[in-house]
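Colleague: Pasting input-v3.pdb below, which is PDB, C-alpha atoms, pLDDT in the B column.
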```
ATOM      1  CA  MET G   1      29.554 -11.097 -11.097  1.00 48.00           C
ATOM      2  CA  GLY G   2      30.320 -14.797 -11.527  1.00 56.00           C
ATOM      3  CA  GLY G   3      32.468 -16.549 -14.077  1.00 81.00           C
ATOM      4  CA  VAL G   4      31.491 -18.678 -17.038  1.00 85.00           C
ATOM      5  CA  ALA G   5      30.794 -21.698 -14.812  1.00 89.00           C
ATOM      6  CA  ASP G   6      28.121 -19.686 -12.942  1.00 92.00           C
ATOM      7  CA  VAL G   7      26.535 -18.796 -16.285  1.00 93.00           C
ATOM      8  CA  PHE G   8      26.312 -22.452 -17.333  1.00 93.00           C
ATOM      9  CA  ARG G   9      24.946 -23.431 -13.929  1.00 94.00           C
ATOM     10  CA  ALA G  10      22.352 -20.669 -14.112  1.00 96.00           C
ATOM     11  CA  LEU G  11      21.247 -21.819 -17.565  1.00 95.00           C
ATOM     12  CA  ASP G  12      21.035 -25.468 -16.510  1.00 96.00           C
ATOM     13  CA  ASP G  13      17.416 -25.189 -15.391  1.00 96.00           C
ATOM     14  CA  GLU G  14      14.235 -25.043 -17.459  1.00 96.00           C
ATOM     15  CA  THR G  15      12.473 -22.537 -15.185  1.00 97.00           C
ATOM     16  CA  ARG G  16      15.415 -20.136 -15.354  1.00 97.00           C
ATOM     17  CA  ARG G  17      15.558 -20.493 -19.141  1.00 97.00           C
ATOM     18  CA  LEU G  18      11.826 -19.693 -19.310  1.00 97.00           C
ATOM     19  CA  ILE G  19      12.390 -16.607 -17.163  1.00 98.00           C
ATOM     20  CA  LEU G  20      15.058 -15.447 -19.631  1.00 97.00           C
ATOM     21  CA  ASP G  21      12.697 -16.233 -22.554  1.00 96.00           C
ATOM     22  CA  GLU G  22      10.043 -13.989 -21.015  1.00 97.00           C
ATOM     23  CA  LEU G  23      12.514 -11.188 -20.272  1.00 97.00           C
ATOM     24  CA  ALA G  24      13.877 -11.458 -23.817  1.00 96.00           C
ATOM     25  CA  ALA G  25      10.321 -11.057 -25.124  1.00 95.00           C
ATOM     26  CA  SER G  26       9.467  -8.155 -22.821  1.00 94.00           C
ATOM     27  CA  ASP G  27      12.291  -6.696 -20.759  1.00 95.00           C
ATOM     28  CA  GLY G  28      11.857  -5.027 -17.363  1.00 96.00           C
ATOM     29  CA  GLN G  29       9.490  -7.037 -15.190  1.00 98.00           C
ATOM     30  CA  THR G  30       8.627  -7.218 -11.495  1.00 98.00           C
ATOM     31  CA  LEU G  31       8.746 -10.526  -9.633  1.00 98.00           C
ATOM     32  CA  PHE G  32       4.932 -10.542  -9.695  1.00 97.00           C
ATOM     33  CA  GLU G  33       4.792 -10.123 -13.478  1.00 97.00           C
ATOM     34  CA  ILE G  34       7.339 -12.911 -14.021  1.00 97.00           C
ATOM     35  CA  CYS G  35       5.288 -15.219 -11.778  1.00 96.00           C
ATOM     36  CA  THR G  36       2.099 -14.277 -13.653  1.00 94.00           C
ATOM     37  CA  LEU G  37       3.716 -15.070 -17.022  1.00 95.00           C
ATOM     38  CA  LEU G  38       5.141 -18.385 -15.824  1.00 95.00           C
ATOM     39  CA  THR G  39       1.747 -19.392 -14.440  1.00 92.00           C
ATOM     40  CA  THR G  40      -0.426 -18.252 -17.330  1.00 89.00           C
ATOM     41  CA  ARG G  41       1.819 -19.011 -20.327  1.00 90.00           C
ATOM     42  CA  HIS G  42       3.807 -21.968 -19.080  1.00 92.00           C
ATOM     43  CA  ARG G  43       1.434 -23.454 -16.483  1.00 90.00           C
ATOM     44  CA  LEU G  44       4.280 -23.509 -13.986  1.00 91.00           C
ATOM     45  CA  SER G  45       3.221 -23.922 -10.383  1.00 85.00           C
ATOM     46  CA  SER G  46       6.406 -22.740  -8.661  1.00 90.00           C
ATOM     47  CA  THR G  47       5.945 -20.568  -5.597  1.00 94.00           C
ATOM     48  CA  ARG G  48       6.849 -16.900  -5.672  1.00 94.00           C
ATOM     49  CA  GLN G  49       9.695 -17.677  -3.250  1.00 96.00           C
ATOM     50  CA  ALA G  50      11.092 -20.293  -5.639  1.00 97.00           C
ATOM     51  CA  ILE G  51      10.978 -17.839  -8.565  1.00 97.00           C
ATOM     52  CA  SER G  52      12.661 -15.230  -6.397  1.00 97.00           C
ATOM     53  CA  GLN G  53      15.479 -17.713  -5.725  1.00 97.00           C
ATOM     54  CA  HIS G  54      15.798 -18.512  -9.445  1.00 98.00           C
ATOM     55  CA  LEU G  55      16.115 -14.783 -10.122  1.00 98.00           C
ATOM     56  CA  ALA G  56      18.833 -14.523  -7.476  1.00 97.00           C
ATOM     57  CA  VAL G  57      20.810 -17.295  -9.265  1.00 97.00           C
ATOM     58  CA  LEU G  58      20.400 -15.502 -12.618  1.00 98.00           C
ATOM     59  CA  GLU G  59      21.408 -12.203 -11.023  1.00 97.00           C
ATOM     60  CA  SER G  60      24.541 -13.606  -9.381  1.00 96.00           C
ATOM     61  CA  ALA G  61      25.546 -15.095 -12.752  1.00 95.00           C
ATOM     62  CA  GLY G  62      25.122 -11.628 -14.268  1.00 96.00           C
ATOM     63  CA  LEU G  63      22.365 -12.743 -16.653  1.00 97.00           C
ATOM     64  CA  VAL G  64      19.762 -10.582 -14.928  1.00 98.00           C
ATOM     65  CA  VAL G  65      20.201  -7.071 -13.616  1.00 98.00           C
ATOM     66  CA  THR G  66      17.665  -5.171 -11.532  1.00 98.00           C
ATOM     67  CA  GLU G  67      16.669  -1.555 -11.437  1.00 97.00           C
ATOM     68  CA  ARG G  68      14.338   0.242  -9.060  1.00 96.00           C
ATOM     69  CA  ARG G  69      11.726   2.424 -10.753  1.00 94.00           C
ATOM     70  CA  GLY G  70       9.382   4.166  -8.407  1.00 92.00           C
ATOM     71  CA  ARG G  71       8.654   1.743  -5.570  1.00 93.00           C
ATOM     72  CA  SER G  72       9.121  -1.447  -7.561  1.00 97.00           C
ATOM     73  CA  LYS G  73      12.121  -3.502  -8.639  1.00 97.00           C
ATOM     74  CA  PHE G  74      12.312  -4.492 -12.295  1.00 98.00           C
ATOM     75  CA  HIS G  75      14.383  -7.316 -13.793  1.00 98.00           C
ATOM     76  CA  PHE G  76      16.251  -7.017 -17.089  1.00 98.00           C
ATOM     77  CA  PHE G  77      18.017  -9.593 -19.287  1.00 97.00           C
ATOM     78  CA  ASN G  78      21.737  -8.845 -19.444  1.00 96.00           C
ATOM     79  CA  PRO G  79      23.235 -10.771 -22.404  1.00 93.00           C
ATOM     80  CA  GLU G  80      26.821  -9.727 -21.637  1.00 92.00           C
ATOM     81  CA  PRO G  81      27.850 -13.041 -19.946  1.00 92.00           C
ATOM     82  CA  LEU G  82      26.653 -14.931 -23.045  1.00 90.00           C
ATOM     83  CA  THR G  83      29.074 -13.057 -25.297  1.00 88.00           C
ATOM     84  CA  GLU G  84      31.860 -14.351 -23.055  1.00 83.00           C
ATOM     85  CA  ILE G  85      30.872 -17.859 -24.162  1.00 80.00           C
ATOM     86  CA  THR G  86      30.886 -16.956 -27.842  1.00 82.00           C
ATOM     87  CA  ARG G  87      34.226 -15.180 -27.483  1.00 83.00           C
ATOM     88  CA  ARG G  88      35.773 -18.411 -26.217  1.00 81.00           C
ATOM     89  CA  TRP G  89      35.238 -20.239 -29.519  1.00 80.00           C
ATOM     90  CA  PRO G  90      35.252 -17.389 -32.044  1.00 77.00           C
ATOM     91  CA  SER G  91      36.279 -19.624 -34.962  1.00 79.00           C
ATOM     92  CA  VAL G  92      33.034 -21.645 -34.786  1.00 76.00           C
ATOM     93  CA  VAL G  93      30.397 -19.634 -32.916  1.00 70.00           C
ATOM     94  CA  GLY G  94      28.234 -17.407 -35.063  1.00 65.00           C
ATOM     95  CA  LYS G  95      29.187 -19.085 -38.358  1.00 66.00           C
ATOM     96  CA  GLU G  96      26.391 -19.594 -40.817  1.00 62.00           C
ATOM     97  CA  ASP G  97      24.954 -23.085 -40.991  1.00 57.00           C
ATOM     98  CA  PRO G  98      26.255 -24.893 -44.084  1.00 53.00           C
TER      99      PRO G  98
ATOM    100  CA  MET H  99     -21.915 -14.351   5.397  1.00 95.00           C
ATOM    101  CA  LYS H 100     -21.175 -11.606   2.866  1.00 93.00           C
ATOM    102  CA  ILE H 101     -18.214  -9.395   2.122  1.00 95.00           C
ATOM    103  CA  ARG H 102     -19.556  -5.869   2.660  1.00 96.00           C
ATOM    104  CA  LEU H 103     -16.391  -3.902   3.172  1.00 97.00           C
ATOM    105  CA  THR H 104     -12.707  -4.270   2.493  1.00 97.00           C
ATOM    106  CA  SER H 105      -9.930  -1.782   3.038  1.00 97.00           C
ATOM    107  CA  LEU H 106      -6.747  -0.323   1.624  1.00 98.00           C
ATOM    108  CA  PHE H 107      -4.250   1.818   3.500  1.00 98.00           C
ATOM    109  CA  VAL H 108      -3.755   5.190   1.821  1.00 98.00           C
ATOM    110  CA  ASP H 109      -1.084   7.823   2.505  1.00 96.00           C
ATOM    111  CA  ASP H 110      -3.494  10.754   2.254  1.00 97.00           C
ATOM    112  CA  GLN H 111      -7.248  10.258   2.440  1.00 98.00           C
ATOM    113  CA  ARG H 112      -8.163  13.363   0.405  1.00 97.00           C
ATOM    114  CA  ALA H 113      -5.677  12.560  -2.366  1.00 98.00           C
ATOM    115  CA  ALA H 114      -6.931   8.975  -2.310  1.00 98.00           C
ATOM    116  CA  LEU H 115     -10.555  10.085  -2.598  1.00 98.00           C
ATOM    117  CA  ALA H 116      -9.637  12.228  -5.615  1.00 98.00           C
ATOM    118  CA  PHE H 117      -7.776   9.356  -7.301  1.00 98.00           C
ATOM    119  CA  TYR H 118     -10.398   6.713  -6.595  1.00 98.00           C
ATOM    120  CA  THR H 119     -13.311   8.906  -7.737  1.00 98.00           C
ATOM    121  CA  GLU H 120     -11.885  11.192 -10.443  1.00 98.00           C
ATOM    122  CA  VAL H 121      -9.368   8.812 -12.024  1.00 98.00           C
ATOM    123  CA  LEU H 122     -10.767   5.337 -11.367  1.00 98.00           C
ATOM    124  CA  GLY H 123     -14.402   6.469 -11.446  1.00 97.00           C
ATOM    125  CA  PHE H 124     -15.693   5.129  -8.116  1.00 98.00           C
ATOM    126  CA  THR H 125     -18.377   6.945  -6.106  1.00 98.00           C
ATOM    127  CA  LYS H 126     -17.938   8.260  -2.549  1.00 98.00           C
ATOM    128  CA  ARG H 127     -20.247   6.413  -0.161  1.00 98.00           C
ATOM    129  CA  ARG H 128     -19.279   7.527   3.358  1.00 97.00           C
ATOM    130  CA  ASP H 129     -17.163  10.401   4.628  1.00 97.00           C
ATOM    131  CA  VAL H 130     -17.606  10.614   8.393  1.00 97.00           C
ATOM    132  CA  PRO H 131     -15.014  12.594  10.385  1.00 96.00           C
ATOM    133  CA  ILE H 132     -13.337  10.579  13.159  1.00 94.00           C
ATOM    134  CA  GLY H 133     -10.672  12.617  14.932  1.00 92.00           C
ATOM    135  CA  ASP H 134      -8.134  13.793  12.363  1.00 91.00           C
ATOM    136  CA  ALA H 135      -9.257  11.238   9.811  1.00 95.00           C
ATOM    137  CA  SER H 136     -12.494  10.060   8.255  1.00 97.00           C
ATOM    138  CA  TRP H 137     -14.467   6.886   7.869  1.00 97.00           C
ATOM    139  CA  LEU H 138     -14.103   7.170   4.121  1.00 98.00           C
ATOM    140  CA  THR H 139     -15.469   4.616   1.701  1.00 98.00           C
ATOM    141  CA  VAL H 140     -16.070   4.368  -2.037  1.00 98.00           C
ATOM    142  CA  VAL H 141     -18.211   2.001  -4.072  1.00 98.00           C
ATOM    143  CA  SER H 142     -18.242   0.995  -7.696  1.00 98.00           C
ATOM    144  CA  THR H 143     -20.447   3.351  -9.713  1.00 97.00           C
ATOM    145  CA  GLU H 144     -21.634   0.273 -11.626  1.00 95.00           C
ATOM    146  CA  ASP H 145     -22.529  -1.506  -8.377  1.00 95.00           C
ATOM    147  CA  PRO H 146     -23.431   1.144  -5.771  1.00 95.00           C
ATOM    148  CA  GLU H 147     -24.976  -1.428  -3.422  1.00 95.00           C
ATOM    149  CA  GLY H 148     -21.910  -3.667  -3.713  1.00 96.00           C
ATOM    150  CA  PRO H 149     -18.956  -3.953  -1.319  1.00 97.00           C
ATOM    151  CA  GLU H 150     -17.466  -0.739   0.018  1.00 98.00           C
ATOM    152  CA  LEU H 151     -13.764  -0.001  -0.170  1.00 98.00           C
ATOM    153  CA  LEU H 152     -12.492   1.701   2.977  1.00 98.00           C
ATOM    154  CA  LEU H 153      -9.649   4.151   2.343  1.00 98.00           C
ATOM    155  CA  GLU H 154      -7.879   3.833   5.649  1.00 97.00           C
ATOM    156  CA  PRO H 155      -5.091   6.104   6.999  1.00 96.00           C
ATOM    157  CA  SER H 156      -1.656   4.483   6.738  1.00 96.00           C
ATOM    158  CA  GLY H 157      -0.196   5.932   9.938  1.00 93.00           C
ATOM    159  CA  HIS H 158       0.425   2.653  11.776  1.00 95.00           C
ATOM    160  CA  PRO H 159       4.189   1.893  11.799  1.00 96.00           C
ATOM    161  CA  ALA H 160       3.612  -1.622  10.410  1.00 97.00           C
ATOM    162  CA  VAL H 161       2.026  -0.318   7.206  1.00 97.00           C
ATOM    163  CA  LYS H 162       5.106   1.159   5.539  1.00 96.00           C
ATOM    164  CA  PRO H 163       7.434  -1.879   5.731  1.00 96.00           C
ATOM    165  CA  TYR H 164       4.534  -4.159   4.760  1.00 97.00           C
ATOM    166  CA  ARG H 165       3.589  -2.148   1.693  1.00 96.00           C
ATOM    167  CA  ASP H 166       7.187  -1.318   0.697  1.00 96.00           C
ATOM    168  CA  ALA H 167       8.107  -5.014   0.580  1.00 96.00           C
ATOM    169  CA  LEU H 168       5.066  -5.919  -1.515  1.00 97.00           C
ATOM    170  CA  ALA H 169       5.473  -2.945  -3.879  1.00 97.00           C
ATOM    171  CA  GLU H 170       9.140  -3.881  -4.428  1.00 97.00           C
ATOM    172  CA  ASP H 171       8.084  -7.275  -5.760  1.00 97.00           C
ATOM    173  CA  GLY H 172       5.188  -5.768  -7.745  1.00 98.00           C
ATOM    174  CA  ILE H 173       2.505  -7.545  -5.694  1.00 98.00           C
ATOM    175  CA  PRO H 174      -0.954  -5.939  -5.830  1.00 98.00           C
ATOM    176  CA  LEU H 175      -3.046  -5.429  -2.690  1.00 97.00           C
ATOM    177  CA  ALA H 176      -6.478  -5.396  -4.314  1.00 97.00           C
ATOM    178  CA  GLN H 177      -8.095  -6.571  -7.509  1.00 97.00           C
ATOM    179  CA  PHE H 178     -10.769  -4.666  -9.425  1.00 98.00           C
ATOM    180  CA  ALA H 179     -12.857  -6.283 -12.140  1.00 97.00           C
ATOM    181  CA  VAL H 180     -13.256  -4.535 -15.500  1.00 97.00           C
ATOM    182  CA  ASP H 181     -14.773  -5.531 -18.835  1.00 96.00           C
ATOM    183  CA  ASP H 182     -11.670  -4.760 -20.880  1.00 96.00           C
ATOM    184  CA  VAL H 183      -8.203  -4.534 -19.312  1.00 97.00           C
ATOM    185  CA  GLU H 184      -6.570  -3.264 -22.526  1.00 97.00           C
ATOM    186  CA  ALA H 185      -9.063  -0.393 -22.769  1.00 98.00           C
ATOM    187  CA  GLU H 186      -8.624   0.549 -19.089  1.00 98.00           C
ATOM    188  CA  HIS H 187      -4.841   0.361 -19.477  1.00 98.00           C
ATOM    189  CA  GLU H 188      -5.063   2.825 -22.356  1.00 98.00           C
ATOM    190  CA  ARG H 189      -7.540   5.118 -20.608  1.00 98.00           C
ATOM    191  CA  LEU H 190      -5.619   5.224 -17.301  1.00 98.00           C
ATOM    192  CA  THR H 191      -2.202   5.599 -18.964  1.00 98.00           C
ATOM    193  CA  LYS H 192      -3.528   8.700 -20.744  1.00 98.00           C
ATOM    194  CA  LEU H 193      -4.541  10.048 -17.331  1.00 97.00           C
ATOM    195  CA  GLY H 194      -0.954   9.602 -16.105  1.00 97.00           C
ATOM    196  CA  VAL H 195      -1.419   6.350 -14.172  1.00 97.00           C
ATOM    197  CA  VAL H 196       1.746   4.240 -14.056  1.00 97.00           C
ATOM    198  CA  PHE H 197       1.421   0.510 -14.700  1.00 97.00           C
ATOM    199  CA  THR H 198       4.028  -1.832 -13.201  1.00 97.00           C
ATOM    200  CA  GLN H 199       2.661  -4.669 -15.329  1.00 97.00           C
ATOM    201  CA  PRO H 200       1.129  -4.180 -18.788  1.00 96.00           C
ATOM    202  CA  PRO H 201      -1.886  -6.302 -19.750  1.00 97.00           C
ATOM    203  CA  ILE H 202      -1.081 -10.019 -19.849  1.00 95.00           C
ATOM    204  CA  ASP H 203      -3.492 -12.269 -21.710  1.00 93.00           C
ATOM    205  CA  GLY H 204      -3.759 -15.401 -19.621  1.00 87.00           C
ATOM    206  CA  GLY H 205      -6.334 -17.108 -21.808  1.00 85.00           C
ATOM    207  CA  ASP H 206      -9.267 -17.260 -19.368  1.00 90.00           C
ATOM    208  CA  TYR H 207      -8.457 -13.802 -18.051  1.00 93.00           C
ATOM    209  CA  THR H 208      -6.373 -10.709 -18.703  1.00 96.00           C
ATOM    210  CA  THR H 209      -4.623  -8.830 -15.906  1.00 97.00           C
ATOM    211  CA  ALA H 210      -2.569  -5.665 -15.457  1.00 98.00           C
ATOM    212  CA  VAL H 211      -1.121  -3.901 -12.393  1.00 98.00           C
ATOM    213  CA  PHE H 212      -0.964  -0.165 -11.675  1.00 98.00           C
ATOM    214  CA  ASP H 213       0.209   2.157  -8.898  1.00 97.00           C
ATOM    215  CA  ASP H 214      -2.696   3.927  -7.163  1.00 97.00           C
ATOM    216  CA  THR H 215      -0.416   6.859  -6.089  1.00 96.00           C
ATOM    217  CA  CYS H 216      -1.596   6.264  -2.496  1.00 96.00           C
ATOM    218  CA  GLY H 217       0.936   3.538  -1.700  1.00 95.00           C
ATOM    219  CA  ASN H 218      -0.705   0.477  -3.261  1.00 97.00           C
ATOM    220  CA  LEU H 219      -0.410  -1.603  -6.376  1.00 98.00           C
ATOM    221  CA  ILE H 220      -3.789  -2.622  -7.800  1.00 98.00           C
ATOM    222  CA  GLN H 221      -4.550  -5.431 -10.203  1.00 98.00           C
ATOM    223  CA  LEU H 222      -7.163  -5.108 -12.933  1.00 98.00           C
ATOM    224  CA  ILE H 223      -8.759  -8.308 -14.160  1.00 98.00           C
ATOM    225  CA  ALA H 224     -11.182  -9.160 -16.943  1.00 97.00           C
ATOM    226  CA  GLU H 225     -12.405 -12.729 -16.850  1.00 94.00           C
ATOM    227  CA  ARG H 226     -13.603 -14.378 -20.005  1.00 86.00           C
ATOM    228  CA  PRO H 227     -16.575 -16.650 -19.621  1.00 76.00           C
ATOM    229  CA  ALA H 228     -15.788 -20.250 -20.554  1.00 69.00           C
ATOM    230  CA  PRO H 229     -16.904 -20.979 -24.143  1.00 66.00           C
TER     231      PRO H 229
END
```
Now, as a test, write the supplied structure out as structure tokens.
Modeller:
Amino acid sequence: MGGVADVFRALDDETRRLILDELAASDGQTLFEICTLLTTRHRLSSTRQAISQHLAVLESAGLVVTERRGRSKFHFFNPEPLTEITRRWPSVVGKEDP
Amino acid sequence: MKIRLTSLFVDDQRAALAFYTEVLGFTKRRDVPIGDASWLTVVSTEDPEGPELLLEPSGHPAVKPYRDALAEDGIPLAQFAVDDVEAEHERLTKLGVVFTQPPIDGGDYTTAVFDDTCGNLIQLIAERPAP
């Protein structure tokens, strides 16, 4: 699992943020389902191979974990690396807006 | 030129025939013994003169790695048209069918993906006519 720099790098891409949005809305998706959602809801035209590579970046940053169920591989949002960011600035992160 | 027949590899022809007729609701069209296997086809009960689906034995060594790789990524190998994907999702789930993708409303169409228990993922699609 990568460090905080990998997490920032992984988040520095609109397609990868959209993938996390979709997983946050409905966790546990196959590559095919993620591609379907990106195409139908976000009109993204990325190839399946490109999405697969985005998922690999998210996975190596620890933001996505995979689990095999039956014959298919499902992707899940793992928020743990994000708490590392909030832990770094505990005096300001999570405070109510004035 | 017309599409008259398309095929899916199935692990067990008899189990496949049961699933495709009893669960999905297709009708058996041909069942002609050829050696250990059969020339086995089904058609849509709603369109008995339409294209036949050949349920072909999956014994060739290329079939397993091909289907395993596609199933891992959740990629369906055939697409069946229905009037209402949500209703079919509910009906088939009650019959024990496992969906790898729940219905997704794509605006012009809704899709879902299920496991046919014979080695394939199948996509259901309901297209909405343009207003």
Colleague: Leaving out G:Arg43 and any residue of its chain fewer than 4 positions from it, which residues lie within 12 Å of it when counting only C-alpha atoms, given as a ChimeraX atom specification?
Modeller: /G:15,18,35-39 /H:204-205
Colleague: Which residues are close to H:Leu153, i.e. within 10 Å by all atoms listed in the file, leaving aside same-chain residues fewer than 4 positions away? Reply as a list of chain:residue names.
Modeller: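 Answer for this query is H:Thr104, H:Ser105, H:Leu106, H:Phe107, H:Val108, H:Asp109, H:Asp110, H:Gln111, H:Arg112, H:Ala114, H:Leu115, H:Tyr118, H:Ser136, H:Trp137, H:Leu138, H:Thr139, H:Val140, H:Cys216.
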Colleague: Could you check the closest approach to H:Ile223 for each of H:Leu168, H:Leu190, H:Ala135, H:Ala176 and tell me which residue wins, using only C-alpha atoms?
Modeller: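 Closest residue, counting only C-alpha atoms: H:Ala176.
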Colleague: If the PyMOL selection byres ((chain H) within 10 of (chain G)) is run on the structure shown, which residues does it catch, given as a list in words?
Modeller: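 Listing what the PyMOL selection byres ((chain H) within 10 of (chain G)) selects in the shown file: Arg165, Asp166, Ala167, Leu168, Ala169, Glu170, Asp171, Gly172, Ile173, Pro174, Val196, Thr198, Gln199, Pro200, Pro201, Ile202, Asp203, Gly204, Gly205, Asp206, Tyr207, Thr208, Thr209, Ala210, Val211, Asp213, Gly217, Asn218 and Leu219 of chain H.
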Colleague: Report as a list in words all protein, DNA and RNA residues lying within 9 Å of H:Val195, evaluated on all atoms listed in the file, omitting residues in the same chain fewer than 3 positions from it.
Modeller: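 Contacts, in chain order: Val121, His187, Arg189, Leu190, Thr191, Lys192, Phe212, Asp213, Asp214 and Thr215 of chain H.
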Colleague: Starting from the shown file, work through the PyMOL selection byres ((chain G and resi 62) around 12) and note down what comes out as a ChimeraX atom specification.
Modeller: /G:1-11,55-61,63-66,75-84
Colleague: Can you work out which one of H:Val180, H:Ile101, H:Val161, H:Leu222 has the shortest atom-to-atom distance to H:Phe197, counting only C-alpha atoms?
Modeller: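 Of the candidates, the smallest distance to H:Phe197 is held by H:Leu222.
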Colleague: Could you list the residues chosen by the PyMOL selection byres ((chain H and resi 149) around 7) in this structure as number ranges by chain?
Modeller: H: 101-103, 141, 147-148, 150-151
Colleague: Can you write out the residues you just picked, keeping C-alpha atoms, as a PDB file, keeping the file's coordinate frame?
Modeller:
```pdb
ATOM      1  CA  ILE H 101     -18.214  -9.395   2.122  1.00 95.00           C
ATOM      2  CA  ARG H 102     -19.556  -5.869   2.660  1.00 96.00           C
ATOM      3  CA  LEU H 103     -16.391  -3.902   3.172  1.00 97.00           C
ATOM      4  CA  VAL H 141     -18.211   2.001  -4.072  1.00 98.00           C
ATOM      5  CA  GLU H 147     -24.976  -1.428  -3.422  1.00 95.00           C
ATOM      6  CA  GLY H 148     -21.910  -3.667  -3.713  1.00 96.00           C
ATOM      7  CA  GLU H 150     -17.466  -0.739   0.018  1.00 98.00           C
ATOM      8  CA  LEU H 151     -13.764  -0.001  -0.170  1.00 98.00           C
TER       9      LEU H 151
END
```
Colleague: At what distance in Å, to one decimal, does atom CA of H:Leu175 lie from atom CA of H:Asp145?
Modeller: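 Between these atoms lies a distance of 20.7 Å.
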